[in-house]
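Below is target-v8.pdb, which holds PDB, C-alpha atoms.
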```
ATOM      1  CA  MET R   1      -3.690  10.866  -2.019  1.00  0.00           C
ATOM      2  CA  SER R   2      -3.682  12.091   1.604  1.00  0.00           C
ATOM      3  CA  ASN R   3      -5.497  15.228   2.696  1.00  0.00           C
ATOM      4  CA  ASP R   4      -2.172  16.667   3.867  1.00  0.00           C
ATOM      5  CA  LEU R   5      -0.619  16.122   0.448  1.00  0.00           C
ATOM      6  CA  GLN R   6      -3.552  17.712  -1.373  1.00  0.00           C
ATOM      7  CA  SER R   7      -3.535  20.646   1.036  1.00  0.00           C
ATOM      8  CA  PHE R   8       0.223  21.127   0.694  1.00  0.00           C
ATOM      9  CA  GLN R   9       0.108  20.985  -3.107  1.00  0.00           C
ATOM     10  CA  LYS R  10      -2.526  23.714  -3.045  1.00  0.00           C
ATOM     11  CA  PHE R  11      -0.370  25.744  -0.638  1.00  0.00           C
ATOM     12  CA  MET R  12       2.669  25.381  -2.918  1.00  0.00           C
ATOM     13  CA  ALA R  13       0.766  27.101  -5.709  1.00  0.00           C
ATOM     14  CA  LEU R  14       0.658  30.134  -3.404  1.00  0.00           C
ATOM     15  CA  ARG R  15       4.225  29.661  -2.174  1.00  0.00           C
ATOM     16  CA  ASN R  16       5.662  30.834  -5.485  1.00  0.00           C
ATOM     17  CA  ASP R  17       3.589  34.040  -5.308  1.00  0.00           C
ATOM     18  CA  ILE R  18       5.070  34.598  -1.849  1.00  0.00           C
ATOM     19  CA  ALA R  19       8.583  34.229  -3.306  1.00  0.00           C
ATOM     20  CA  VAL R  20       7.742  36.739  -6.037  1.00  0.00           C
ATOM     21  CA  ALA R  21       6.612  39.240  -3.392  1.00  0.00           C
ATOM     22  CA  PHE R  22       9.943  38.717  -1.584  1.00  0.00           C
ATOM     23  CA  VAL R  23      12.045  39.522  -4.673  1.00  0.00           C
ATOM     24  CA  ASN R  24       9.917  42.642  -5.117  1.00  0.00           C
ATOM     25  CA  GLY R  25      10.910  43.889  -1.668  1.00  0.00           C
ATOM     26  CA  ASP R  26       7.954  42.578   0.368  1.00  0.00           C
ATOM     27  CA  ALA R  27       8.828  40.176   3.189  1.00  0.00           C
ATOM     28  CA  GLY R  28       5.301  40.308   4.635  1.00  0.00           C
ATOM     29  CA  PRO R  29       3.926  37.204   2.894  1.00  0.00           C
ATOM     30  CA  VAL R  30       6.931  35.011   3.808  1.00  0.00           C
ATOM     31  CA  LEU R  31       6.679  36.204   7.405  1.00  0.00           C
ATOM     32  CA  GLU R  32       2.990  35.207   7.406  1.00  0.00           C
ATOM     33  CA  ILE R  33       3.840  31.611   6.456  1.00  0.00           C
ATOM     34  CA  THR R  34       6.757  31.353   8.903  1.00  0.00           C
ATOM     35  CA  THR R  35       6.075  29.739  12.256  1.00  0.00           C
ATOM     36  CA  ASN R  36       5.809  32.128  15.180  1.00  0.00           C
ATOM     37  CA  THR R  37       6.930  29.504  17.695  1.00  0.00           C
ATOM     38  CA  PRO R  38      10.275  27.686  17.860  1.00  0.00           C
ATOM     39  CA  PRO R  39      11.800  25.473  16.684  1.00  0.00           C
ATOM     40  CA  PHE R  40      12.867  27.178  13.471  1.00  0.00           C
ATOM     41  CA  SER R  41      16.062  27.009  11.420  1.00  0.00           C
ATOM     42  CA  PHE R  42      17.320  29.043   8.487  1.00  0.00           C
ATOM     43  CA  PHE R  43      20.420  28.187   6.480  1.00  0.00           C
ATOM     44  CA  GLY R  44      20.632  31.112   4.064  1.00  0.00           C
ATOM     45  CA  PRO R  45      22.427  31.597   0.773  1.00  0.00           C
ATOM     46  CA  LYS R  46      25.073  33.804   2.422  1.00  0.00           C
ATOM     47  CA  GLY R  47      26.206  30.858   4.533  1.00  0.00           C
ATOM     48  CA  GLY R  48      25.859  30.299   8.222  1.00  0.00           C
ATOM     49  CA  GLN R  49      22.800  29.249  10.131  1.00  0.00           C
ATOM     50  CA  GLU R  50      20.197  31.019  12.206  1.00  0.00           C
ATOM     51  CA  LEU R  51      18.313  29.076  14.843  1.00  0.00           C
ATOM     52  CA  ASP R  52      16.841  32.091  16.643  1.00  0.00           C
ATOM     53  CA  LEU R  53      13.369  32.727  15.213  1.00  0.00           C
ATOM     54  CA  ALA R  54      13.375  36.483  15.860  1.00  0.00           C
ATOM     55  CA  ARG R  55      16.773  36.978  14.201  1.00  0.00           C
ATOM     56  CA  ALA R  56      15.807  34.765  11.264  1.00  0.00           C
ATOM     57  CA  THR R  57      12.587  36.632  10.573  1.00  0.00           C
ATOM     58  CA  ALA R  58      14.397  39.967  10.950  1.00  0.00           C
ATOM     59  CA  SER R  59      16.870  38.795   8.309  1.00  0.00           C
ATOM     60  CA  PHE R  60      13.959  38.013   5.953  1.00  0.00           C
ATOM     61  CA  SER R  61      12.848  41.649   6.194  1.00  0.00           C
ATOM     62  CA  ILE R  62      16.378  42.972   5.694  1.00  0.00           C
ATOM     63  CA  ASP R  63      17.031  40.663   2.741  1.00  0.00           C
ATOM     64  CA  ALA R  64      13.723  41.437   0.997  1.00  0.00           C
ATOM     65  CA  ALA R  65      14.381  45.175   1.296  1.00  0.00           C
ATOM     66  CA  GLN R  66      17.472  44.728  -0.916  1.00  0.00           C
ATOM     67  CA  PHE R  67      15.297  43.769  -3.886  1.00  0.00           C
ATOM     68  CA  GLY R  68      13.730  46.336  -6.217  1.00  0.00           C
ATOM     69  CA  GLN R  69      11.803  44.164  -8.610  1.00  0.00           C
ATOM     70  CA  GLY R  70      12.040  40.605  -9.771  1.00  0.00           C
ATOM     71  CA  GLU R  71      10.593  37.255 -10.671  1.00  0.00           C
ATOM     72  CA  SER R  72      10.922  33.900  -8.958  1.00  0.00           C
ATOM     73  CA  GLN R  73      10.072  30.380 -10.018  1.00  0.00           C
ATOM     74  CA  PHE R  74      10.338  27.076  -8.194  1.00  0.00           C
ATOM     75  CA  ASP R  75      11.457  23.959 -10.038  1.00  0.00           C
ATOM     76  CA  ILE R  76      10.238  21.332  -7.597  1.00  0.00           C
ATOM     77  CA  ALA R  77      12.229  18.091  -7.590  1.00  0.00           C
ATOM     78  CA  GLN R  78      10.434  16.446  -4.650  1.00  0.00           C
ATOM     79  CA  LEU R  79       7.410  17.287  -2.563  1.00  0.00           C
ATOM     80  CA  SER R  80       5.601  15.301   0.105  1.00  0.00           C
ATOM     81  CA  ALA R  81       3.277  15.739   3.076  1.00  0.00           C
ATOM     82  CA  CYS R  82       1.777  13.491   5.741  1.00  0.00           C
ATOM     83  CA  ASP R  83       0.957  13.535   9.442  1.00  0.00           C
ATOM     84  CA  GLY R  84       1.043  17.333   9.609  1.00  0.00           C
ATOM     85  CA  LEU R  85       4.563  17.713   8.178  1.00  0.00           C
ATOM     86  CA  ALA R  86       5.533  18.615   4.623  1.00  0.00           C
ATOM     87  CA  PHE R  87       8.597  19.486   2.582  1.00  0.00           C
ATOM     88  CA  TRP R  88       9.676  20.430  -0.887  1.00  0.00           C
ATOM     89  CA  SER R  89      13.121  20.507  -2.427  1.00  0.00           C
ATOM     90  CA  GLY R  90      14.321  21.799  -5.738  1.00  0.00           C
ATOM     91  CA  VAL R  91      15.667  24.948  -7.359  1.00  0.00           C
ATOM     92  CA  GLN R  92      14.484  28.515  -6.939  1.00  0.00           C
ATOM     93  CA  ARG R  93      15.294  30.584 -10.011  1.00  0.00           C
ATOM     94  CA  VAL R  94      15.318  34.334  -9.461  1.00  0.00           C
ATOM     95  CA  GLU R  95      15.832  37.230 -11.851  1.00  0.00           C
ATOM     96  CA  ALA R  96      15.816  40.503  -9.964  1.00  0.00           C
ATOM     97  CA  LYS R  97      17.164  44.002  -9.694  1.00  0.00           C
ATOM     98  CA  LEU R  98      18.623  45.047  -6.390  1.00  0.00           C
ATOM     99  CA  VAL R  99      17.658  48.445  -5.012  1.00  0.00           C
ATOM    100  CA  GLY R 100      19.749  51.165  -6.649  1.00  0.00           C
ATOM    101  CA  LYS R 101      21.009  48.896  -9.442  1.00  0.00           C
ATOM    102  CA  THR R 102      19.972  48.910 -13.087  1.00  0.00           C
ATOM    103  CA  GLU R 103      21.193  45.483 -14.129  1.00  0.00           C
ATOM    104  CA  THR R 104      19.155  42.348 -13.570  1.00  0.00           C
ATOM    105  CA  MET R 105      20.876  39.615 -11.593  1.00  0.00           C
ATOM    106  CA  GLN R 106      20.171  35.898 -11.719  1.00  0.00           C
ATOM    107  CA  PHE R 107      20.173  33.661  -8.663  1.00  0.00           C
ATOM    108  CA  ASN R 108      19.722  29.902  -8.832  1.00  0.00           C
ATOM    109  CA  LEU R 109      19.336  28.434  -5.370  1.00  0.00           C
ATOM    110  CA  ARG R 110      19.068  24.849  -4.175  1.00  0.00           C
ATOM    111  CA  VAL R 111      16.208  24.974  -1.690  1.00  0.00           C
ATOM    112  CA  THR R 112      14.679  22.691   0.906  1.00  0.00           C
ATOM    113  CA  GLU R 113      11.765  23.950   2.989  1.00  0.00           C
ATOM    114  CA  VAL R 114       9.961  22.090   5.770  1.00  0.00           C
ATOM    115  CA  PHE R 115       6.488  23.022   7.016  1.00  0.00           C
ATOM    116  CA  LYS R 116       4.193  21.957   9.818  1.00  0.00           C
ATOM    117  CA  LYS R 117       0.438  22.172   9.645  1.00  0.00           C
ATOM    118  CA  SER R 118      -1.268  24.452  12.150  1.00  0.00           C
ATOM    119  CA  ASP R 119      -4.728  25.899  12.651  1.00  0.00           C
ATOM    120  CA  GLU R 120      -3.516  28.806  10.485  1.00  0.00           C
ATOM    121  CA  GLY R 121      -2.328  26.567   7.628  1.00  0.00           C
ATOM    122  CA  TRP R 122       1.144  25.436   6.624  1.00  0.00           C
ATOM    123  CA  LYS R 123       3.930  27.187   8.547  1.00  0.00           C
ATOM    124  CA  MET R 124       7.596  27.084   7.536  1.00  0.00           C
ATOM    125  CA  ILE R 125       9.853  25.641  10.237  1.00  0.00           C
ATOM    126  CA  HIS R 126      13.050  25.254   8.165  1.00  0.00           C
ATOM    127  CA  ARG R 127      14.548  26.820   5.051  1.00  0.00           C
ATOM    128  CA  HIS R 128      17.868  25.920   3.502  1.00  0.00           C
ATOM    129  CA  ALA R 129      18.930  27.814   0.390  1.00  0.00           C
ATOM    130  CA  ASP R 130      22.354  27.927  -1.175  1.00  0.00           C
ATOM    131  CA  ALA R 131      23.836  28.654  -4.574  1.00  0.00           C
ATOM    132  CA  LEU R 132      23.346  26.016  -7.236  1.00  0.00           C
ATOM    133  CA  GLY R 133      26.721  24.905  -8.591  1.00  0.00           C
ATOM    134  CA  HIS R 134      27.438  24.963 -12.290  1.00  0.00           C
TER     135      HIS R 134
END
```

Can the structure in the file be given as structure tokens, please?
Amino acid sequence: MSNDLQSFQKFMALRNDIAVAFVNGDAGPVLEITTNTPPFSFFGPKGGQELDLARATASFSIDAAQFGQGESQFDIAQLSACDGLAFWSGVQRVEAKLVGKTETMQFNLRVTEVFKKSDEGWKMIHRHADALGH
């Protein structure tokens, strides 16, 4: 097993905790693992695409602020890493309450994330998330 793969598998154990923070209203951890230099792309669950890093990261903060409390779990279908690049794809399952709401909502998203290795660790350079069909 490559060092990159071992390192990325270890990182992915933390990645779920970062997703849990997000659905509890805290975008800080996801911003910490997002690259701070282009290129970056975000294809979000509301549709559309964002290729501007500043606008994409601003949308992370806005989106996280909509959540009151929740849980998130990744069901990883594929994961790989080599030569300083890594990805995972699968389903993100979220149960969360939105701010000001009492009912819990469920979101099941098809997700692909791509990361590049830097001196600061794995940094997300692409996220694609959309609703999982029935």

- request: Run the PyMOL selection byres ((chain R and resi 110) around 7) on the file and write out the hits as a PyMOL selection string.
  value: chain R and resi 90-92+108-109+111+129-132

Same residues, C-alpha atoms, output as a compact mmCIF listing (two decimals), in the coordinates of the input:
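File produced: selection.txt:
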```
# COMPACT_ATOMS: atom_id res chain seq x y z
CA GLY R 90 14.32 21.80 -5.74
CA VAL R 91 15.67 24.95 -7.36
CA GLN R 92 14.48 28.52 -6.94
CA ASN R 108 19.72 29.90 -8.83
CA LEU R 109 19.34 28.43 -5.37
CA VAL R 111 16.21 24.97 -1.69
CA ALA R 129 18.93 27.81 0.39
CA ASP R 130 22.35 27.93 -1.18
CA ALA R 131 23.84 28.65 -4.57
CA LEU R 132 23.35 26.02 -7.24
```

task: Point out the residue among R:Gln69, R:Leu14, R:Thr104, R:Leu51 with the least atom-to-atom distance to Ile33 in chain R, counting all atoms listed in the file.
output: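 Closest residue, counting all atoms listed in the file: R:Leu14.
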
- request: Apply the PyMOL selection byres ((chain R and resi 19) around 10) to the file shown and report the selected residues as a ChimeraX atom specification.
  value: /R:14-18,20-24,26-27,29-30,64,70-74,92,94

query: CA of Gly68 in chain R and CA of Gly133 in chain R are how many Å apart?
result: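 Straight-line distance from CA of Gly68 in chain R to CA of Gly133 in chain R works out to 25.2 Å.
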
query: Could you write out as a ChimeraX atom specification the residues that the PyMOL selection byres ((chain R and resi 114) around 6) matches in the shown file?
result: /R:86-87,113,115,124-126

Export of prior selection with C-alpha atoms as an mmCIF file, in the coordinates of the input:
```
data_model
loop_
_atom_site.group_PDB
_atom_site.id
_atom_site.type_symbol
_atom_site.label_atom_id
_atom_site.label_comp_id
_atom_site.auth_asym_id
_atom_site.auth_seq_id
_atom_site.Cartn_x
_atom_site.Cartn_y
_atom_site.Cartn_z
ATOM 1 C CA ALA R 86 5.533 18.615 4.623
ATOM 2 C CA PHE R 87 8.597 19.486 2.582
ATOM 3 C CA GLU R 113 11.765 23.950 2.989
ATOM 4 C CA PHE R 115 6.488 23.022 7.016
ATOM 5 C CA MET R 124 7.596 27.084 7.536
ATOM 6 C CA ILE R 125 9.853 25.641 10.237
ATOM 7 C CA HIS R 126 13.050 25.254 8.165
#
```

task: Just the residues within 12 Å of Ser2 in chain R, please, counting all atoms listed in the file, with nothing from its chain fewer than 5 positions along; format it as a PyMOL selection string.
output: chain R and resi 7-9+80-86

Those selected residues, please, written with C-alpha atoms and delivered as a PDB file, keeping the file's coordinate frame.
```pdb
ATOM      1  CA  SER R   7      -3.535  20.646   1.036  1.00  0.00           C
ATOM      2  CA  PHE R   8       0.223  21.127   0.694  1.00  0.00           C
ATOM      3  CA  GLN R   9       0.108  20.985  -3.107  1.00  0.00           C
ATOM      4  CA  SER R  80       5.601  15.301   0.105  1.00  0.00           C
ATOM      5  CA  ALA R  81       3.277  15.739   3.076  1.00  0.00           C
ATOM      6  CA  CYS R  82       1.777  13.491   5.741  1.00  0.00           C
ATOM      7  CA  ASP R  83       0.957  13.535   9.442  1.00  0.00           C
ATOM      8  CA  GLY R  84       1.043  17.333   9.609  1.00  0.00           C
ATOM      9  CA  LEU R  85       4.563  17.713   8.178  1.00  0.00           C
ATOM     10  CA  ALA R  86       5.533  18.615   4.623  1.00  0.00           C
TER      11      ALA R  86
END
```

task: Between CA of His128 in chain R and CA of Met12 in chain R, measure the distance and give it in Å to one decimal.
output: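 Taking CA of His128 in chain R and CA of Met12 in chain R, their separation equals 16.5 Å.
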
- request: Could you tell me how far CA of Gly121 in chain R lies from CA of Asn36 in chain R, in Å and to one decimal?
  value: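 Distance reported for this atom pair: 12.4 Å.
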
- prompt: So which one's closest to Ala65 in chain R, R:Pro39, R:Asp52, R:Pro45, R:Lys97? Using only C-alpha atoms, please.
  reply: R:Lys97
